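Content type mmCIF, C-alpha atoms and all ligand atoms, from the file data35.cif:
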data_query
loop_
_atom_site.group_PDB
_atom_site.id
_atom_site.type_symbol
_atom_site.label_atom_id
_atom_site.label_comp_id
_atom_site.auth_asym_id
_atom_site.auth_seq_id
_atom_site.Cartn_x
_atom_site.Cartn_y
_atom_site.Cartn_z
ATOM 1 C CA MET A 1 0.000 0.000 0.000
ATOM 2 C CA ASN A 2 1.401 3.414 -0.986
ATOM 3 C CA ILE A 3 0.571 5.661 1.948
ATOM 4 C CA GLN A 4 1.643 9.287 2.290
ATOM 5 C CA PHE A 5 2.606 9.961 5.921
ATOM 6 C CA SER A 6 2.987 13.413 7.315
ATOM 7 C CA SER A 7 6.636 14.194 8.119
ATOM 8 C CA LYS A 8 6.025 14.519 11.868
ATOM 9 C CA LYS A 9 8.406 12.802 14.249
ATOM 10 C CA ILE A 10 7.050 9.582 15.756
ATOM 11 C CA PHE A 11 7.987 8.348 19.232
ATOM 12 C CA ILE A 12 7.330 4.650 19.829
ATOM 13 C CA SER A 13 7.414 2.624 23.024
ATOM 14 C CA SER A 14 5.878 -0.393 24.744
ATOM 15 C CA ASP A 15 6.119 -2.666 27.731
ATOM 16 C CA HIS A 16 7.280 -6.292 27.554
ATOM 17 C CA ALA A 17 3.845 -7.480 26.377
ATOM 18 C CA GLY A 18 3.903 -5.016 23.509
ATOM 19 C CA TYR A 19 7.587 -5.359 22.682
ATOM 20 C CA GLU A 20 7.249 -7.750 19.758
ATOM 21 C CA LEU A 21 4.614 -5.638 17.985
ATOM 22 C CA LYS A 22 6.493 -2.437 18.820
ATOM 23 C CA GLU A 23 9.646 -3.822 17.212
ATOM 24 C CA TYR A 24 7.691 -4.985 14.174
ATOM 25 C CA LEU A 25 6.105 -1.540 13.731
ATOM 26 C CA ARG A 26 9.399 0.261 14.329
ATOM 27 C CA LEU A 27 11.083 -1.715 11.542
ATOM 28 C CA PHE A 28 8.046 -1.265 9.296
ATOM 29 C CA LEU A 29 8.081 2.517 9.782
ATOM 30 C CA GLU A 30 11.854 2.813 9.463
ATOM 31 C CA ALA A 31 11.665 0.916 6.159
ATOM 32 C CA LYS A 32 9.151 3.514 4.960
ATOM 33 C CA GLY A 33 11.542 6.310 5.913
ATOM 34 C CA ALA A 34 9.372 7.644 8.745
ATOM 35 C CA PRO A 35 11.301 9.743 11.319
ATOM 36 C CA ILE A 36 10.918 7.451 14.317
ATOM 37 C CA GLU A 37 12.526 7.436 17.772
ATOM 38 C CA ASP A 38 12.352 4.272 19.850
ATOM 39 C CA LEU A 39 11.990 4.961 23.585
ATOM 40 C CA GLY A 40 12.399 1.297 24.521
ATOM 41 C CA PRO A 41 12.323 -1.158 26.068
ATOM 42 C CA ALA A 42 15.147 -3.001 24.306
ATOM 43 C CA ASP A 43 13.971 -6.555 25.056
ATOM 44 C CA THR A 44 11.119 -8.631 26.482
ATOM 45 C CA GLN A 45 12.233 -8.421 30.109
ATOM 46 C CA SER A 46 9.257 -7.575 32.335
ATOM 47 C CA VAL A 47 8.760 -3.831 32.872
ATOM 48 C CA ASP A 48 5.958 -1.599 34.149
ATOM 49 C CA TYR A 49 3.875 -0.015 31.392
ATOM 50 C CA PRO A 50 3.404 3.329 33.253
ATOM 51 C CA ASP A 51 7.169 3.969 33.110
ATOM 52 C CA TYR A 52 7.170 3.797 29.319
ATOM 53 C CA GLY A 53 3.828 5.537 28.863
ATOM 54 C CA ILE A 54 5.045 8.435 31.011
ATOM 55 C CA LYS A 55 8.347 8.561 29.110
ATOM 56 C CA LEU A 56 6.507 8.931 25.811
ATOM 57 C CA ALA A 57 3.973 11.428 27.203
ATOM 58 C CA LEU A 58 6.796 13.662 28.466
ATOM 59 C CA LYS A 59 8.526 13.524 25.067
ATOM 60 C CA LEU A 60 5.307 14.507 23.354
ATOM 61 C CA THR A 61 4.750 17.316 25.844
ATOM 62 C CA ASP A 62 8.193 18.688 24.910
ATOM 63 C CA HIS A 63 7.571 18.111 21.178
ATOM 64 C CA PRO A 64 3.861 18.846 20.666
ATOM 65 C CA GLU A 65 4.040 18.604 16.873
ATOM 66 C CA SER A 66 5.133 14.966 17.050
ATOM 67 C CA ALA A 67 3.103 11.755 17.353
ATOM 68 C CA GLY A 68 3.336 8.679 19.560
ATOM 69 C CA ILE A 69 2.689 4.966 19.219
ATOM 70 C CA LEU A 70 2.381 2.841 22.362
ATOM 71 C CA VAL A 71 1.885 -0.894 22.689
ATOM 72 C CA CYS A 72 1.114 -2.910 25.827
ATOM 73 C CA GLY A 73 -0.768 -6.196 26.202
ATOM 74 C CA THR A 74 -4.275 -4.809 25.764
ATOM 75 C CA GLY A 75 -3.534 -1.122 25.204
ATOM 76 C CA VAL A 76 -5.701 -0.277 28.220
ATOM 77 C CA GLY A 77 -2.891 0.455 30.670
ATOM 78 C CA MET A 78 -1.042 2.724 28.247
ATOM 79 C CA SER A 79 -4.337 4.541 27.510
ATOM 80 C CA MET A 80 -4.949 5.184 31.182
ATOM 81 C CA VAL A 81 -1.429 6.548 31.621
ATOM 82 C CA VAL A 82 -1.051 8.922 28.680
ATOM 83 C CA ASN A 83 -4.544 10.383 28.858
ATOM 84 C CA ARG A 84 -3.754 11.859 32.274
ATOM 85 C CA PHE A 85 -1.362 14.314 30.593
ATOM 86 C CA PRO A 86 -2.667 17.673 29.323
ATOM 87 C CA ARG A 87 -2.845 17.912 25.529
ATOM 88 C CA ILE A 88 -2.099 14.211 25.095
ATOM 89 C CA ARG A 89 -4.952 12.528 23.262
ATOM 90 C CA GLY A 90 -4.347 8.799 23.200
ATOM 91 C CA ALA A 91 -6.616 6.567 21.107
ATOM 92 C CA LEU A 92 -6.809 2.816 21.643
ATOM 93 C CA CYS A 93 -7.584 1.482 18.169
ATOM 94 C CA HIS A 94 -8.136 -2.084 17.075
ATOM 95 C CA ASP A 95 -10.034 -1.338 13.868
ATOM 96 C CA LEU A 96 -9.466 0.941 10.881
ATOM 97 C CA TYR A 97 -12.585 3.092 11.347
ATOM 98 C CA THR A 98 -11.606 4.059 14.902
ATOM 99 C CA ALA A 99 -8.051 4.775 13.765
ATOM 100 C CA GLN A 100 -9.305 7.071 11.005
ATOM 101 C CA MET A 101 -11.854 8.897 13.167
ATOM 102 C CA SER A 102 -9.465 9.285 16.097
ATOM 103 C CA ARG A 103 -7.364 11.459 13.794
ATOM 104 C CA ALA A 104 -10.106 13.160 11.755
ATOM 105 C CA HIS A 105 -12.373 14.079 14.692
ATOM 106 C CA ASN A 106 -10.296 13.769 17.868
ATOM 107 C CA ASP A 107 -6.868 14.869 16.636
ATOM 108 C CA ALA A 108 -5.378 11.938 18.548
ATOM 109 C CA ASN A 109 -1.642 12.363 18.958
ATOM 110 C CA VAL A 110 -0.918 8.935 20.438
ATOM 111 C CA LEU A 111 -1.995 5.666 18.827
ATOM 112 C CA ILE A 112 -2.296 2.837 21.338
ATOM 113 C CA LEU A 113 -2.401 -0.826 20.393
ATOM 114 C CA GLY A 114 -2.794 -4.104 22.273
ATOM 115 C CA GLY A 115 0.001 -6.427 21.252
ATOM 116 C CA ARG A 116 -1.902 -9.398 22.682
ATOM 117 C CA VAL A 117 -5.134 -8.375 20.962
ATOM 118 C CA ILE A 118 -4.377 -7.822 17.293
ATOM 119 C CA GLY A 119 -2.043 -9.334 14.717
ATOM 120 C CA LYS A 120 0.775 -7.618 12.883
ATOM 121 C CA GLY A 121 -1.111 -7.249 9.593
ATOM 122 C CA LEU A 122 -4.024 -5.356 11.125
ATOM 123 C CA ALA A 123 -1.675 -3.304 13.309
ATOM 124 C CA GLU A 124 0.264 -2.253 10.198
ATOM 125 C CA GLU A 125 -2.938 -1.143 8.451
ATOM 126 C CA ILE A 126 -4.086 0.736 11.553
ATOM 127 C CA VAL A 127 -0.740 2.556 11.724
ATOM 128 C CA ASN A 128 -0.924 3.396 7.998
ATOM 129 C CA THR A 129 -4.448 4.765 8.366
ATOM 130 C CA TRP A 130 -3.726 6.682 11.552
ATOM 131 C CA LEU A 131 -0.551 8.332 10.271
ATOM 132 C CA SER A 132 -2.065 9.328 6.942
ATOM 133 C CA THR A 133 -5.361 10.777 8.200
ATOM 134 C CA ALA A 134 -5.486 14.537 8.845
ATOM 135 C CA PHE A 135 -7.473 16.272 11.598
ATOM 136 C CA GLU A 136 -10.561 17.925 10.099
ATOM 137 C CA GLY A 137 -10.546 20.907 12.476
ATOM 138 C CA GLY A 138 -13.637 23.163 12.439
ATOM 139 C CA ARG A 139 -16.274 22.061 14.974
ATOM 140 C CA HIS A 140 -13.953 19.244 16.025
ATOM 141 C CA GLN A 141 -11.314 21.752 17.119
ATOM 142 C CA ARG A 142 -13.846 23.344 19.488
ATOM 143 C CA ARG A 143 -14.622 19.944 20.994
ATOM 144 C CA VAL A 144 -10.986 18.950 21.297
ATOM 145 C CA ASP A 145 -10.282 22.264 23.055
ATOM 146 C CA LYS A 146 -12.900 21.344 25.686
ATOM 147 C CA ILE A 147 -11.098 18.102 26.604
ATOM 148 C CA ASP A 148 -8.425 19.753 28.700
ATOM 149 C CA VAL A 149 -10.126 19.463 32.081
ATOM 150 C CA SER A 150 -6.978 20.405 34.036
ATOM 151 C CA GLU A 151 -7.020 23.845 32.432
ATOM 152 C CA ILE A 152 -10.759 24.215 33.137
ATOM 153 C CA SER A 153 -10.311 23.496 36.850
ATOM 154 C CA LEU A 154 -7.430 25.973 36.963
ATOM 155 C CA LYS A 155 -9.696 28.626 35.441
ATOM 156 C CA LYS A 156 -12.439 27.804 38.017
ATOM 157 C CA GLY A 157 -9.847 28.225 40.756
ATOM 158 C CA GLU A 158 -9.153 31.731 39.501
ATOM 159 C CA GLY A 159 -12.739 32.553 40.553
HETATM 160 C C1 LIG B 201 1.327 -6.909 31.207
HETATM 161 O O1 LIG B 201 1.180 -8.194 31.651
HETATM 162 C C2 LIG B 201 -0.027 -6.267 30.918
HETATM 163 O O2 LIG B 201 -0.746 -6.141 32.087
HETATM 164 C C3 LIG B 201 0.139 -4.926 30.245
HETATM 165 O O3 LIG B 201 0.866 -5.091 29.082
HETATM 166 C C4 LIG B 201 -1.104 -4.216 29.787
HETATM 167 O O4 LIG B 201 -1.945 -5.061 29.044
HETATM 168 C C5 LIG B 201 -1.835 -3.440 30.792
HETATM 169 O O5 LIG B 201 -2.817 -2.765 30.471
#
Any chance you could put this one into structure tokens?
Ligand code: RB5
Amino acid sequence: MNIQFSSKKIFISSDHAGYELKEYLRLFLEAKGAPIEDLGPADTQSVDYPDYGIKLALKLTDHPESAGILVCGTGVGMSMVVNRFPRIRGALCHDLYTAQMSRAHNDANVLILGGRVIGKGLAEEIVNTWLSTAFEGGRHQRRVDKIDVSEISLKKGEG
């Protein structure tokens, strides 16, 4: 499939349960010439998914124009972690429609996958779709702007 990715930097990470799929996707994206940075882990030794989710969320906070891909066993743990960070919009996608809409309507900046849930072929197609779908903006921008609850509570605190 000839997919046109945007040129944004992509950070990728996982835990041990997502390692194999993370490595597969890293090699797949590198072969396509995508600018990708692997945040680890480097092998299948047991690690804690929050450590790697936080690492990627902090990178994305420092580089807001970039994108992230995270893989754990189900994708649920990584989703819980990264979505606690302001302006991180992580989308757990196991089908192509969700992957497409998470970009078009939600401007998701982190794609999350369950390495024990889906196979490599579907994961590859999800990554292709997610990286090549643009945010539609317009009314969706207004809705995305309302997500940042931490900033809302700060404003309430100002009285
Ligand atoms: C690791 O065993 C597993 O719990 C983790 O990868 C993830 O699925 C958590 O949500």
### Task
Output the residue selection produced by the PyMOL selection byres (((chain A and resi 107-113) around 8) and not hetatm) on the file above, formatted as a ChimeraX atom specification.
/A:66-72,74-75,78-79,88-94,99,102-106,114-115,118,123,127,130,134-135,144
### 7 Å contact set for range 31-36 of chain A, all atoms listed in the file, chain neighbours under 6 positions out, as a PyMOL selection string
chain A and resi 9-11
### Query
Looking at all atoms listed in the file, which of A:Asp38, A:Leu96, A:Val81, A:Gly18 is the one that sits closest to Thr129 in chain A?
A:Leu96
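Near Asp43 in chain A, within a cut-off of 12 Å and counting all atoms listed in the file, sit the residues Ser13, Ser14, Asp15, His16, Ala17, Gly18, Tyr19, Glu20, Leu21, Lys22 and Glu23 of chain A, with same-chain residues fewer than 6 positions away left out.
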Restricting the output to C-alpha atoms, write the selected residues as an mmCIF file, in the coordinates of the input.
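This went into part-v1.cif:
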data_model
loop_
_atom_site.group_PDB
_atom_site.id
_atom_site.type_symbol
_atom_site.label_atom_id
_atom_site.label_comp_id
_atom_site.auth_asym_id
_atom_site.auth_seq_id
_atom_site.Cartn_x
_atom_site.Cartn_y
_atom_site.Cartn_z
ATOM 1 C CA SER A 13 7.414 2.624 23.024
ATOM 2 C CA SER A 14 5.878 -0.393 24.744
ATOM 3 C CA ASP A 15 6.119 -2.666 27.731
ATOM 4 C CA HIS A 16 7.280 -6.292 27.554
ATOM 5 C CA ALA A 17 3.845 -7.480 26.377
ATOM 6 C CA GLY A 18 3.903 -5.016 23.509
ATOM 7 C CA TYR A 19 7.587 -5.359 22.682
ATOM 8 C CA GLU A 20 7.249 -7.750 19.758
ATOM 9 C CA LEU A 21 4.614 -5.638 17.985
ATOM 10 C CA LYS A 22 6.493 -2.437 18.820
ATOM 11 C CA GLU A 23 9.646 -3.822 17.212
#
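Put simply, CA of Lys55 in chain A is 17.1 Å away from atom C2 of ligand LIG 201 (chain B).
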Enclose the full set of atoms of ligand LIG 201 (chain B) listed in the file within a box whose edges lie along x, y and z, apply 3 Å of padding to each of the six sides, and report centre and edge lengths in Å to one decimal as JSON.
{"center_x": -0.7, "center_y": -5.5, "center_z": 30.6, "size_x": 10.1, "size_y": 11.4, "size_z": 9.0}
### Query
Rounded to one decimal in Å, what is the spacing between CA of Phe28 in chain A and CA of Lys120 in chain A?
10.3 Å
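Of the residues under consideration (A:Asn128, A:Gly73, A:Val117, A:Met80), A:Gly73 shows the shortest atom-to-atom contact distance to Val47 in chain A when counting all atoms listed in the file.
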Would you mind writing range 74-91 of chain A with N, CA, C and O atoms, as a PDB file, in the coordinates of the input?
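The resulting file, rebuild_32.pdb, is reproduced below:
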ATOM      1  N   THR A  74      -2.928  -5.131  26.260  1.00  0.00           N
ATOM      2  CA  THR A  74      -4.275  -4.809  25.764  1.00  0.00           C
ATOM      3  C   THR A  74      -4.373  -3.407  25.184  1.00  0.00           C
ATOM      4  O   THR A  74      -5.334  -3.084  24.494  1.00  0.00           O
ATOM      5  N   GLY A  75      -3.457  -2.542  25.552  1.00  0.00           N
ATOM      6  CA  GLY A  75      -3.534  -1.122  25.204  1.00  0.00           C
ATOM      7  C   GLY A  75      -4.238  -0.310  26.275  1.00  0.00           C
ATOM      8  O   GLY A  75      -4.164   0.923  26.282  1.00  0.00           O
ATOM      9  N   VAL A  76      -4.908  -0.993  27.206  1.00  0.00           N
ATOM     10  CA  VAL A  76      -5.701  -0.277  28.220  1.00  0.00           C
ATOM     11  C   VAL A  76      -4.803   0.475  29.198  1.00  0.00           C
ATOM     12  O   VAL A  76      -5.029   1.647  29.505  1.00  0.00           O
ATOM     13  N   GLY A  77      -3.771  -0.197  29.693  1.00  0.00           N
ATOM     14  CA  GLY A  77      -2.891   0.455  30.670  1.00  0.00           C
ATOM     15  C   GLY A  77      -2.224   1.690  30.088  1.00  0.00           C
ATOM     16  O   GLY A  77      -2.214   2.760  30.719  1.00  0.00           O
ATOM     17  N   MET A  78      -1.699   1.578  28.897  1.00  0.00           N
ATOM     18  CA  MET A  78      -1.042   2.724  28.247  1.00  0.00           C
ATOM     19  C   MET A  78      -2.052   3.859  28.038  1.00  0.00           C
ATOM     20  O   MET A  78      -1.709   5.043  28.185  1.00  0.00           O
ATOM     21  N   SER A  79      -3.296   3.509  27.697  1.00  0.00           N
ATOM     22  CA  SER A  79      -4.337   4.541  27.510  1.00  0.00           C
ATOM     23  C   SER A  79      -4.583   5.300  28.804  1.00  0.00           C
ATOM     24  O   SER A  79      -4.675   6.532  28.816  1.00  0.00           O
ATOM     25  N   MET A  80      -4.691   4.546  29.884  1.00  0.00           N
ATOM     26  CA  MET A  80      -4.949   5.184  31.182  1.00  0.00           C
ATOM     27  C   MET A  80      -3.821   6.145  31.546  1.00  0.00           C
ATOM     28  O   MET A  80      -4.059   7.218  32.084  1.00  0.00           O
ATOM     29  N   VAL A  81      -2.596   5.737  31.255  1.00  0.00           N
ATOM     30  CA  VAL A  81      -1.429   6.548  31.621  1.00  0.00           C
ATOM     31  C   VAL A  81      -1.371   7.831  30.800  1.00  0.00           C
ATOM     32  O   VAL A  81      -1.349   8.940  31.356  1.00  0.00           O
ATOM     33  N   VAL A  82      -1.339   7.721  29.483  1.00  0.00           N
ATOM     34  CA  VAL A  82      -1.051   8.922  28.680  1.00  0.00           C
ATOM     35  C   VAL A  82      -2.184   9.931  28.689  1.00  0.00           C
ATOM     36  O   VAL A  82      -1.955  11.129  28.560  1.00  0.00           O
ATOM     37  N   ASN A  83      -3.424   9.436  28.886  1.00  0.00           N
ATOM     38  CA  ASN A  83      -4.544  10.383  28.858  1.00  0.00           C
ATOM     39  C   ASN A  83      -4.683  11.202  30.140  1.00  0.00           C
ATOM     40  O   ASN A  83      -5.582  12.033  30.251  1.00  0.00           O
ATOM     41  N   ARG A  84      -3.793  10.991  31.083  1.00  0.00           N
ATOM     42  CA  ARG A  84      -3.754  11.859  32.274  1.00  0.00           C
ATOM     43  C   ARG A  84      -2.948  13.125  32.012  1.00  0.00           C
ATOM     44  O   ARG A  84      -2.941  14.041  32.832  1.00  0.00           O
ATOM     45  N   PHE A  85      -2.229  13.169  30.893  1.00  0.00           N
ATOM     46  CA  PHE A  85      -1.362  14.314  30.593  1.00  0.00           C
ATOM     47  C   PHE A  85      -2.114  15.344  29.758  1.00  0.00           C
ATOM     48  O   PHE A  85      -2.772  14.976  28.776  1.00  0.00           O
ATOM     49  N   PRO A  86      -2.020  16.639  30.128  1.00  0.00           N
ATOM     50  CA  PRO A  86      -2.667  17.673  29.323  1.00  0.00           C
ATOM     51  C   PRO A  86      -2.197  17.634  27.873  1.00  0.00           C
ATOM     52  O   PRO A  86      -1.007  17.427  27.615  1.00  0.00           O
ATOM     53  N   ARG A  87      -3.114  17.826  26.970  1.00  0.00           N
ATOM     54  CA  ARG A  87      -2.845  17.912  25.529  1.00  0.00           C
ATOM     55  C   ARG A  87      -2.325  16.612  24.915  1.00  0.00           C
ATOM     56  O   ARG A  87      -1.863  16.599  23.797  1.00  0.00           O
ATOM     57  N   ILE A  88      -2.358  15.523  25.684  1.00  0.00           N
ATOM     58  CA  ILE A  88      -2.099  14.211  25.095  1.00  0.00           C
ATOM     59  C   ILE A  88      -3.459  13.577  24.854  1.00  0.00           C
ATOM     60  O   ILE A  88      -4.290  13.476  25.767  1.00  0.00           O
ATOM     61  N   ARG A  89      -3.693  13.178  23.612  1.00  0.00           N
ATOM     62  CA  ARG A  89      -4.952  12.528  23.262  1.00  0.00           C
ATOM     63  C   ARG A  89      -4.628  11.145  22.697  1.00  0.00           C
ATOM     64  O   ARG A  89      -4.292  10.999  21.525  1.00  0.00           O
ATOM     65  N   GLY A  90      -4.682  10.164  23.590  1.00  0.00           N
ATOM     66  CA  GLY A  90      -4.347   8.799  23.200  1.00  0.00           C
ATOM     67  C   GLY A  90      -5.590   8.051  22.751  1.00  0.00           C
ATOM     68  O   GLY A  90      -6.640   8.123  23.397  1.00  0.00           O
ATOM     69  N   ALA A  91      -5.486   7.330  21.641  1.00  0.00           N
ATOM     70  CA  ALA A  91      -6.616   6.567  21.107  1.00  0.00           C
ATOM     71  C   ALA A  91      -6.244   5.095  20.993  1.00  0.00           C
ATOM     72  O   ALA A  91      -5.296   4.733  20.298  1.00  0.00           O
TER      73      ALA A  91
END
